[in-house]
file target-v3.txt (compact mmCIF, C-alpha atoms)
# COMPACT_ATOMS: atom_id res chain seq x y z
CA MET A 30 222.47 167.81 215.12
CA MET A 31 224.22 166.67 217.88
CA LYS A 32 226.42 169.16 216.76
CA LEU A 33 222.28 168.77 215.07
CA LEU A 34 223.33 172.43 213.13
CA SER A 35 225.63 172.36 216.34
CA LEU A 36 223.93 171.87 214.53
CA ARG A 37 227.07 170.88 216.41
CA THR A 38 226.87 173.19 215.98
CA PHE A 39 226.23 174.07 214.10
CA LEU A 40 227.45 173.22 215.36
CA ILE A 41 227.64 175.78 212.40
CA GLY A 42 228.68 179.27 211.18
CA THR A 43 231.16 182.10 210.74
CA ALA A 44 231.05 185.78 211.56
CA VAL A 45 230.49 189.40 210.65
CA SER A 46 230.42 192.77 212.35
CA LEU A 47 227.01 194.41 212.54
CA SER A 48 228.62 197.75 211.87
CA VAL A 49 230.14 196.41 208.67
CA GLY A 50 226.78 194.94 207.72
CA LEU A 51 224.90 198.16 208.28
CA SER A 52 227.45 200.19 206.36
CA ALA A 53 227.01 197.86 203.42
CA GLN A 54 223.26 198.24 203.73
CA ALA A 55 223.55 202.02 203.88
CA ALA A 56 225.57 202.00 200.67
CA SER A 57 222.57 200.43 198.91
CA LYS A 58 224.86 198.14 196.98
CA ALA A 59 224.54 194.41 196.48
CA LEU A 60 227.05 192.35 198.45
CA ASP A 61 230.01 190.90 196.57
CA LEU A 62 230.41 187.33 197.85
CA ASP A 63 234.02 187.27 196.65
CA ASN A 64 234.83 190.17 198.95
CA PRO A 65 235.66 188.91 202.48
CA ALA A 66 233.97 191.83 204.25
CA ASP A 67 230.78 191.48 202.20
CA ALA A 68 230.87 187.70 202.60
CA LEU A 69 230.90 188.14 206.38
CA VAL A 70 227.81 190.30 206.16
CA ALA A 71 226.17 187.59 204.08
CA MET A 72 227.19 184.92 206.58
CA ARG A 73 225.54 186.76 209.45
CA LYS A 74 222.37 187.07 207.36
CA LEU A 75 222.47 183.30 206.87
CA GLN A 76 223.24 182.34 210.44
CA CYS A 77 220.98 184.76 212.29
CA HIS A 78 220.13 188.41 211.62
CA LEU A 79 221.93 191.75 211.22
CA GLU A 80 219.91 193.05 214.17
CA ASP A 81 221.40 192.12 217.54
CA GLY A 82 219.24 189.72 219.52
CA LYS A 83 216.82 188.88 216.72
CA PRO A 84 216.06 185.14 217.06
CA ALA A 85 216.42 182.64 214.22
CA PHE A 86 215.26 179.02 214.04
CA TYR A 87 216.55 176.09 212.00
CA SER A 88 214.96 172.65 211.86
CA TRP A 89 215.99 169.37 210.22
CA SER A 90 214.93 165.74 209.92
CA GLY A 91 216.55 162.53 208.76
CA GLU A 92 217.74 159.06 209.67
CA VAL A 93 220.48 157.33 211.66
CA PHE A 94 222.18 154.18 210.43
CA ALA A 95 224.67 151.81 212.04
CA ARG A 96 227.59 150.26 210.19
CA ARG A 97 229.50 147.25 211.51
CA ARG A 98 232.14 145.20 209.78
CA GLY A 99 230.68 142.14 208.08
CA GLU A 100 227.04 143.27 208.48
CA ALA A 101 224.58 145.12 206.29
CA ASP A 102 223.95 148.69 207.45
CA LYS A 103 220.98 148.94 209.81
CA LYS A 104 218.58 151.89 210.10
CA LEU A 105 218.15 152.55 213.80
CA PHE A 106 216.23 155.80 214.17
CA LYS A 107 214.56 158.71 212.53
CA VAL A 108 215.47 162.09 213.99
CA LEU A 109 213.97 165.57 214.31
CA GLY A 110 216.12 168.49 215.37
CA MET A 111 216.05 172.24 215.91
CA ASN A 112 218.36 175.08 216.84
CA VAL A 113 217.36 178.52 218.10
CA ARG A 114 219.99 181.23 217.98
CA ALA A 115 220.68 184.95 218.11
CA CYS A 116 223.73 187.13 217.51
CA LYS A 117 225.33 190.25 218.85
CA SER A 118 228.12 192.41 217.47
CA LEU A 119 231.59 191.77 218.81
CA ASP A 120 234.99 193.42 218.46
CA ASP A 121 237.74 191.10 219.68
CA PRO A 122 241.43 192.10 219.72
CA LYS A 123 242.47 188.71 218.29
CA THR A 124 239.69 187.85 215.86
CA GLY A 125 238.66 191.36 214.85
CA LYS A 126 235.16 192.70 214.39
CA GLY A 127 232.59 189.97 214.23
CA PHE A 128 229.72 188.57 216.22
CA ARG A 129 228.88 186.17 219.00
CA LEU A 130 226.35 183.49 218.17
CA VAL A 131 224.42 182.03 221.12
CA SER A 132 222.19 179.01 220.59
CA ARG A 133 220.47 175.93 221.99
CA GLU A 134 219.62 172.73 220.15
CA VAL A 135 217.36 169.73 220.60
CA LEU A 136 217.36 166.49 218.63
CA VAL A 137 214.92 163.68 219.34
CA TYR A 138 215.20 160.05 218.29
CA LEU A 139 212.11 158.54 216.70
CA ASP A 140 210.98 154.99 216.02
CA PRO A 141 211.92 154.32 212.36
CA ALA A 142 208.61 152.56 211.69
CA THR A 143 206.06 154.66 213.62
CA GLY A 144 207.83 158.02 213.75
CA GLN A 145 206.97 158.36 217.46
CA VAL A 146 209.42 159.67 220.04
CA LEU A 147 211.43 156.82 221.56
CA ARG A 148 211.69 156.47 225.35
CA ARG A 149 213.21 152.98 225.43
CA TRP A 150 215.21 151.15 222.77
CA ALA A 151 215.90 147.45 222.34
CA ASN A 152 219.58 147.15 221.39
CA PRO A 153 219.73 144.44 218.70
CA TRP A 154 223.39 143.61 219.42
CA THR A 155 223.33 143.36 223.20
CA GLY A 156 219.72 142.24 223.68
CA LYS A 157 219.36 144.89 226.37
CA GLU A 158 216.62 147.51 226.53
CA VAL A 159 218.04 150.93 227.34
CA GLU A 160 216.69 154.41 228.06
CA VAL A 161 216.91 156.83 225.12
CA LEU A 162 218.56 160.12 226.02
CA HIS A 163 217.70 162.77 223.46
CA VAL A 164 220.04 165.63 222.57
CA ALA A 165 219.49 168.80 224.59
CA ASN A 166 222.61 170.92 224.21
CA ASP A 167 222.48 174.25 226.04
CA PRO A 168 224.40 176.27 225.14
CA VAL A 169 226.09 175.92 221.76
CA ASN A 170 227.85 179.28 221.51
CA ASN A 171 230.83 180.65 219.66
CA ASN A 172 232.66 183.83 218.75
CA PHE A 173 233.58 184.41 215.14
CA GLY A 174 235.59 187.25 213.70
CA SER A 175 236.97 188.71 210.52
CA ILE A 176 240.55 187.58 211.28
CA GLY A 177 241.61 183.94 211.14
CA ARG A 178 244.01 182.07 213.41
CA ASP A 179 246.81 182.83 210.97
CA GLY A 180 246.26 186.56 211.48
CA LYS A 181 244.94 187.04 207.95
CA PRO A 182 241.44 188.16 206.91
CA MET A 183 238.93 185.33 206.82
CA PRO A 184 238.25 184.36 203.18
CA SER A 185 234.75 184.09 201.79
CA ALA A 186 233.03 180.78 202.54
CA PHE A 187 230.49 181.20 199.73
CA THR A 188 230.32 179.64 196.29
CA SER A 189 227.71 180.35 193.63
CA MET A 190 226.03 178.47 190.83
CA GLY A 191 223.34 180.15 188.77
CA ASN A 192 220.78 181.75 191.07
CA ALA A 193 221.94 179.83 194.14
CA ALA A 194 224.63 180.49 196.74
CA PHE A 195 226.20 177.77 198.88
CA VAL A 196 228.24 177.34 202.05
CA SER A 197 229.86 174.04 203.00
CA PHE A 198 231.68 173.18 206.24
CA THR A 199 233.41 169.91 207.07
CA VAL A 200 234.39 169.64 210.74
CA PRO A 201 236.65 166.73 211.76
CA LEU A 202 236.47 166.15 215.52
CA PHE A 203 239.14 164.37 217.57
CA TYR A 204 239.44 165.31 221.22
CA PRO A 205 239.41 163.77 224.73
CA ASN A 206 236.11 162.07 225.44
CA PRO A 207 234.51 163.57 228.58
CA LEU A 208 233.20 160.10 229.50
CA ALA A 209 236.62 158.45 229.37
CA GLY A 210 239.56 158.58 231.76
CA GLU A 211 242.76 160.60 231.84
CA TYR A 212 244.84 157.97 230.00
CA GLN A 213 243.17 158.21 226.60
CA PRO A 214 246.49 158.77 224.75
CA GLN A 215 247.69 155.47 226.16
CA VAL A 216 244.61 153.24 225.95
CA GLY A 217 242.23 155.05 223.60
CA GLY A 218 238.74 156.34 224.16
CA THR A 219 239.20 159.65 222.33
CA TYR A 220 236.03 161.06 220.78
CA HIS A 221 236.28 160.75 217.00
CA ALA A 222 233.65 162.07 214.60
CA THR A 223 233.07 164.23 211.55
CA GLU A 224 230.23 166.67 210.96
CA MET A 225 229.35 168.07 207.54
CA PHE A 226 227.12 171.12 207.04
CA ASN A 227 225.78 172.46 203.76
CA PHE A 228 223.64 175.56 203.27
CA SER A 229 221.96 176.73 200.07
CA MET A 230 219.92 179.88 199.44
CA ASP A 231 218.68 182.33 196.83
CA LYS A 232 221.70 184.41 195.90
CA ALA A 233 219.72 187.52 194.94
CA LYS A 234 218.03 187.65 198.36
CA LEU A 235 221.31 187.01 200.13
CA VAL A 236 223.22 189.86 198.49
CA SER A 237 220.35 192.34 198.39
CA PRO A 238 220.90 195.50 200.49
CA LYS A 239 217.21 195.28 201.45
CA THR A 240 217.54 192.04 203.42
CA LYS A 241 218.85 191.65 206.97
CA SER A 242 218.51 187.88 207.17
CA VAL A 243 218.05 184.84 204.94
CA ASP A 244 214.64 183.31 205.60
CA ASP A 245 214.70 180.69 202.83
CA ALA A 246 217.98 178.87 203.58
CA VAL A 247 218.03 175.09 203.08
CA ILE A 248 220.45 172.97 205.06
CA SER A 249 221.85 169.47 205.25
CA TRP A 250 223.73 167.98 208.18
CA THR A 251 225.65 164.72 208.15
CA ARG A 252 227.53 163.19 211.04
CA ILE A 253 229.79 160.16 211.29
CA SER A 254 230.43 159.20 214.90
CA GLN A 255 230.95 156.55 217.51
CA TRP A 256 228.09 154.81 219.27
CA LEU A 257 225.95 157.06 221.42
CA PRO A 258 226.73 156.56 225.13
CA TRP A 259 223.17 155.62 226.08
CA MET A 260 223.29 152.73 223.58
CA GLU A 261 225.73 150.98 225.96
CA MET A 262 227.74 149.46 223.13
CA GLY A 263 231.03 149.55 225.02
CA ASP A 264 234.00 148.90 222.75
CA ARG A 265 232.09 146.94 220.09
CA ASP A 266 233.19 147.83 216.60
CA GLY A 267 231.01 150.05 214.45
CA ILE A 268 229.97 153.62 213.68
CA LEU A 269 226.82 155.67 213.29
CA TYR A 270 226.02 157.99 210.43
CA PHE A 271 223.33 160.66 210.49
CA SER A 272 221.85 162.01 207.25
CA THR A 273 219.46 164.95 207.52
CA VAL A 274 217.98 167.87 205.59
CA GLY A 275 216.16 170.92 206.81
CA ALA A 276 215.54 174.64 206.50
CA ARG A 277 215.30 177.90 208.33
CA VAL A 278 211.79 178.40 209.72
CA PRO A 279 210.03 181.64 210.73
CA ASP A 280 209.58 180.93 214.44
CA PHE A 281 209.01 178.25 217.07
CA GLU A 282 205.44 177.63 215.93
CA ALA A 283 206.70 176.61 212.49
CA LEU A 284 208.58 173.60 213.93
CA PRO A 285 207.10 170.09 213.46
CA ASP A 286 204.33 169.32 215.96
CA ILE A 287 206.19 166.37 217.50
CA LEU A 288 209.19 168.58 218.20
CA LYS A 289 207.11 171.41 219.64
CA THR A 290 205.31 169.04 222.00
CA GLU A 291 208.56 167.46 223.17
CA ILE A 292 210.18 170.84 223.81
CA ARG A 293 207.19 172.29 225.65
CA THR A 294 206.93 169.19 227.81
CA ASN A 295 210.57 168.47 228.58
CA TYR A 296 212.78 171.36 227.38
CA PRO A 297 210.72 174.57 227.71
CA VAL A 298 213.76 176.87 227.75
CA TYR A 299 214.45 175.89 224.12
CA THR A 300 211.68 178.10 222.82
CA GLU A 301 214.17 180.98 222.83
CA ALA A 302 217.90 181.57 222.44
CA PRO A 303 220.27 181.97 225.40
CA PRO A 304 221.00 185.52 226.57
CA LEU A 305 223.46 187.40 224.39
CA ASP A 306 225.97 187.65 227.24
CA ASP A 307 225.85 183.90 227.95
CA ALA A 308 229.35 182.86 229.10
CA ARG A 309 228.68 179.21 229.96
CA ARG A 310 230.78 176.37 228.61
CA ASN A 311 229.31 174.66 225.54
CA GLU A 312 227.37 171.44 225.89
CA THR A 313 227.72 168.34 223.68
CA SER A 314 225.82 165.06 223.56
CA TRP A 315 228.56 163.48 225.63
CA THR A 316 228.82 166.19 228.30
CA TYR A 317 225.02 166.30 228.51
CA TYR A 318 224.90 162.54 229.09
CA LYS A 319 227.55 162.84 231.79
CA LYS A 320 225.67 165.69 233.48
CA VAL A 321 222.39 163.76 233.52
CA MET A 322 224.03 160.63 234.94
CA GLU A 323 225.88 162.59 237.65
CA GLU A 324 222.69 164.41 238.65
CA ARG A 325 220.87 161.10 238.97
CA ARG A 326 223.62 159.60 241.10
CA ALA A 327 223.66 162.67 243.35
CA SER A 328 219.89 162.49 243.90
CA ALA A 329 219.71 158.71 244.39
CA PRO A 330 218.92 157.47 247.94
CA LYS A 331 222.05 156.66 249.94
CA ALA A 332 222.54 153.05 250.98
CA ASN A 333 222.54 152.47 254.76

call {"tool": "encode", "arguments": {"input": "target-v3.txt", "output": "structure tokens"}}
result
Amino acid sequence: MMKLLSLRTFLIGTAVSLSVGLSAQAASKALDLDNPADALVAMRKLQCHLEDGKPAFYSWSGEVFARRRGEADKKLFKVLGMNVRACKSLDDPKTGKGFRLVSREVLVYLDPATGQVLRRWANPWTGKEVEVLHVANDPVNNNFGSIGRDGKPMPSAFTSMGNAAFVSFTVPLFYPNPLAGEYQPQVGGTYHATEMFNFSMDKAKLVSPKTKSVDDAVISWTRISQWLPWMEMGDRDGILYFSTVGARVPDFEALPDILKTEIRTNYPVYTEAPPLDDARRNETSWTYYKKVMEERRASAPKAN
């Protein structure tokens, strides 16, 4: 999800100490989702696994629409995405006990009529055919702890209704665009988007002391953003919105066939999570585009 459960990540999570989780398990008591410490244990179950290094996979599918002033919304693409992640326990002096989540994500753009992976796309506004650059963000990592930026314990992110538990995150994004120049405050170009993540799951399984992960979580990811750089829309007015749904899946083999084929052919490293000690800077759709373009320029034959 671009941040696909960057999902952009996702995105896409909060934290818990493994030691806290295991102590709760040892007590053989159901988690109390209103208790911040128990809620952090539950969040780690949702995002990955209480066992360090145990991989978890999420997958989602949906559609991408364009909205321009004075025009009817236009469906541009279907999408398929996945994120593979793992966690390790962490004790940070600022954020407290928690965990580090390391992940990679792929999202591919599909023809809205045939459902096949797009390689070229005819831009209906410019009349130009452009190369489609799919999302391949590696890594999408973050540290999360039990203490917030205000120095207070992180509150529970869970709500409940009947037999279901829910987590909802809305992430407004407004920061310097890596593809724009150094004078963005003066002339614009700042990256502006919003990502919305929603998770739902069986509450009884989530709070049970017998479970170390949530294998039946259902997700939705929505993004409102500017044009994608490879669309070459320049400063034309308009936005994109992504609407997707998905779920946690058992392993790589449970991903849709189209996605598995694309990953094995073009992104083989995405069959597993990054190493737990991965210290690289996070990738986004925009930084990935910039990296690909710079690599192509560097390898292009020099003019005589």

call {"tool": "closest_residue", "arguments": {"input": "target-v3.txt", "among": "A:Gly174, A:Gly275, A:Pro141, A:Gly218", "to": "A:Trp250", "atoms": "all atoms listed in the file"}}
result
A:Gly275

call {"tool": "residues_around", "arguments": {"input": "target-v3.txt", "residues": "A:Ser254", "least_positions_apart": "6", "cutoff": "6 Å", "atoms": "only C-alpha atoms", "output": "ChimeraX atom specification"}}
result
/A:222,268-269

call {"tool": "write_last_selection", "arguments": {"input": "target-v3.txt", "atoms": "C-alpha atoms", "output": "PDB file, keeping the file's coordinate frame"}}
result
ATOM      1  CA  ALA A 222     233.650 162.070 214.600  1.00  0.00           C
ATOM      2  CA  ILE A 268     229.970 153.620 213.680  1.00  0.00           C
ATOM      3  CA  LEU A 269     226.820 155.670 213.290  1.00  0.00           C
TER       4      LEU A 269
END

call {"tool": "residues_around", "arguments": {"input": "target-v3.txt", "residues": "A:Leu235", "least_positions_apart": "4", "cutoff": "7 Å", "atoms": "all atoms listed in the file", "output": "list in words"}}
result
Ala71, Asp231 and Val243 of chain A

call {"tool": "closest_atom_pairs", "arguments": {"input": "target-v3.txt", "of": "stretch 183-245 of chain A", "to": "stretch 311-316 of chain A", "cutoff": "9 Å", "atoms": "only C-alpha atoms", "output": "JSON lines"}}
result
{"residue": "A:Asn206", "atom": "CA", "partner": "A:Trp315", "partner_atom": "CA", "distance": 7.7}
{"residue": "A:Pro207", "atom": "CA", "partner": "A:Thr316", "partner_atom": "CA", "distance": 6.3}
{"residue": "A:Leu208", "atom": "CA", "partner": "A:Trp315", "partner_atom": "CA", "distance": 6.9}

call {"tool": "atom_distance", "arguments": {"input": "target-v3.txt", "atom1": "atom CA of A:Asp244", "atom2": "atom CA of A:Ser229"}}
result
11.3 Å

call {"tool": "residues_around", "arguments": {"input": "target-v3.txt", "residues": "stretch 152-163 of chain A", "least_positions_apart": "4", "cutoff": "7 Å", "atoms": "only C-alpha atoms", "output": "ChimeraX atom specification"}}
result
/A:136-138,147-148,259-260

call {"tool": "closest_residue", "arguments": {"input": "target-v3.txt", "among": "A:Asp286, A:Glu134, A:Asp264, A:Asp140", "to": "A:Val298", "atoms": "all atoms listed in the file"}}
result
A:Glu134
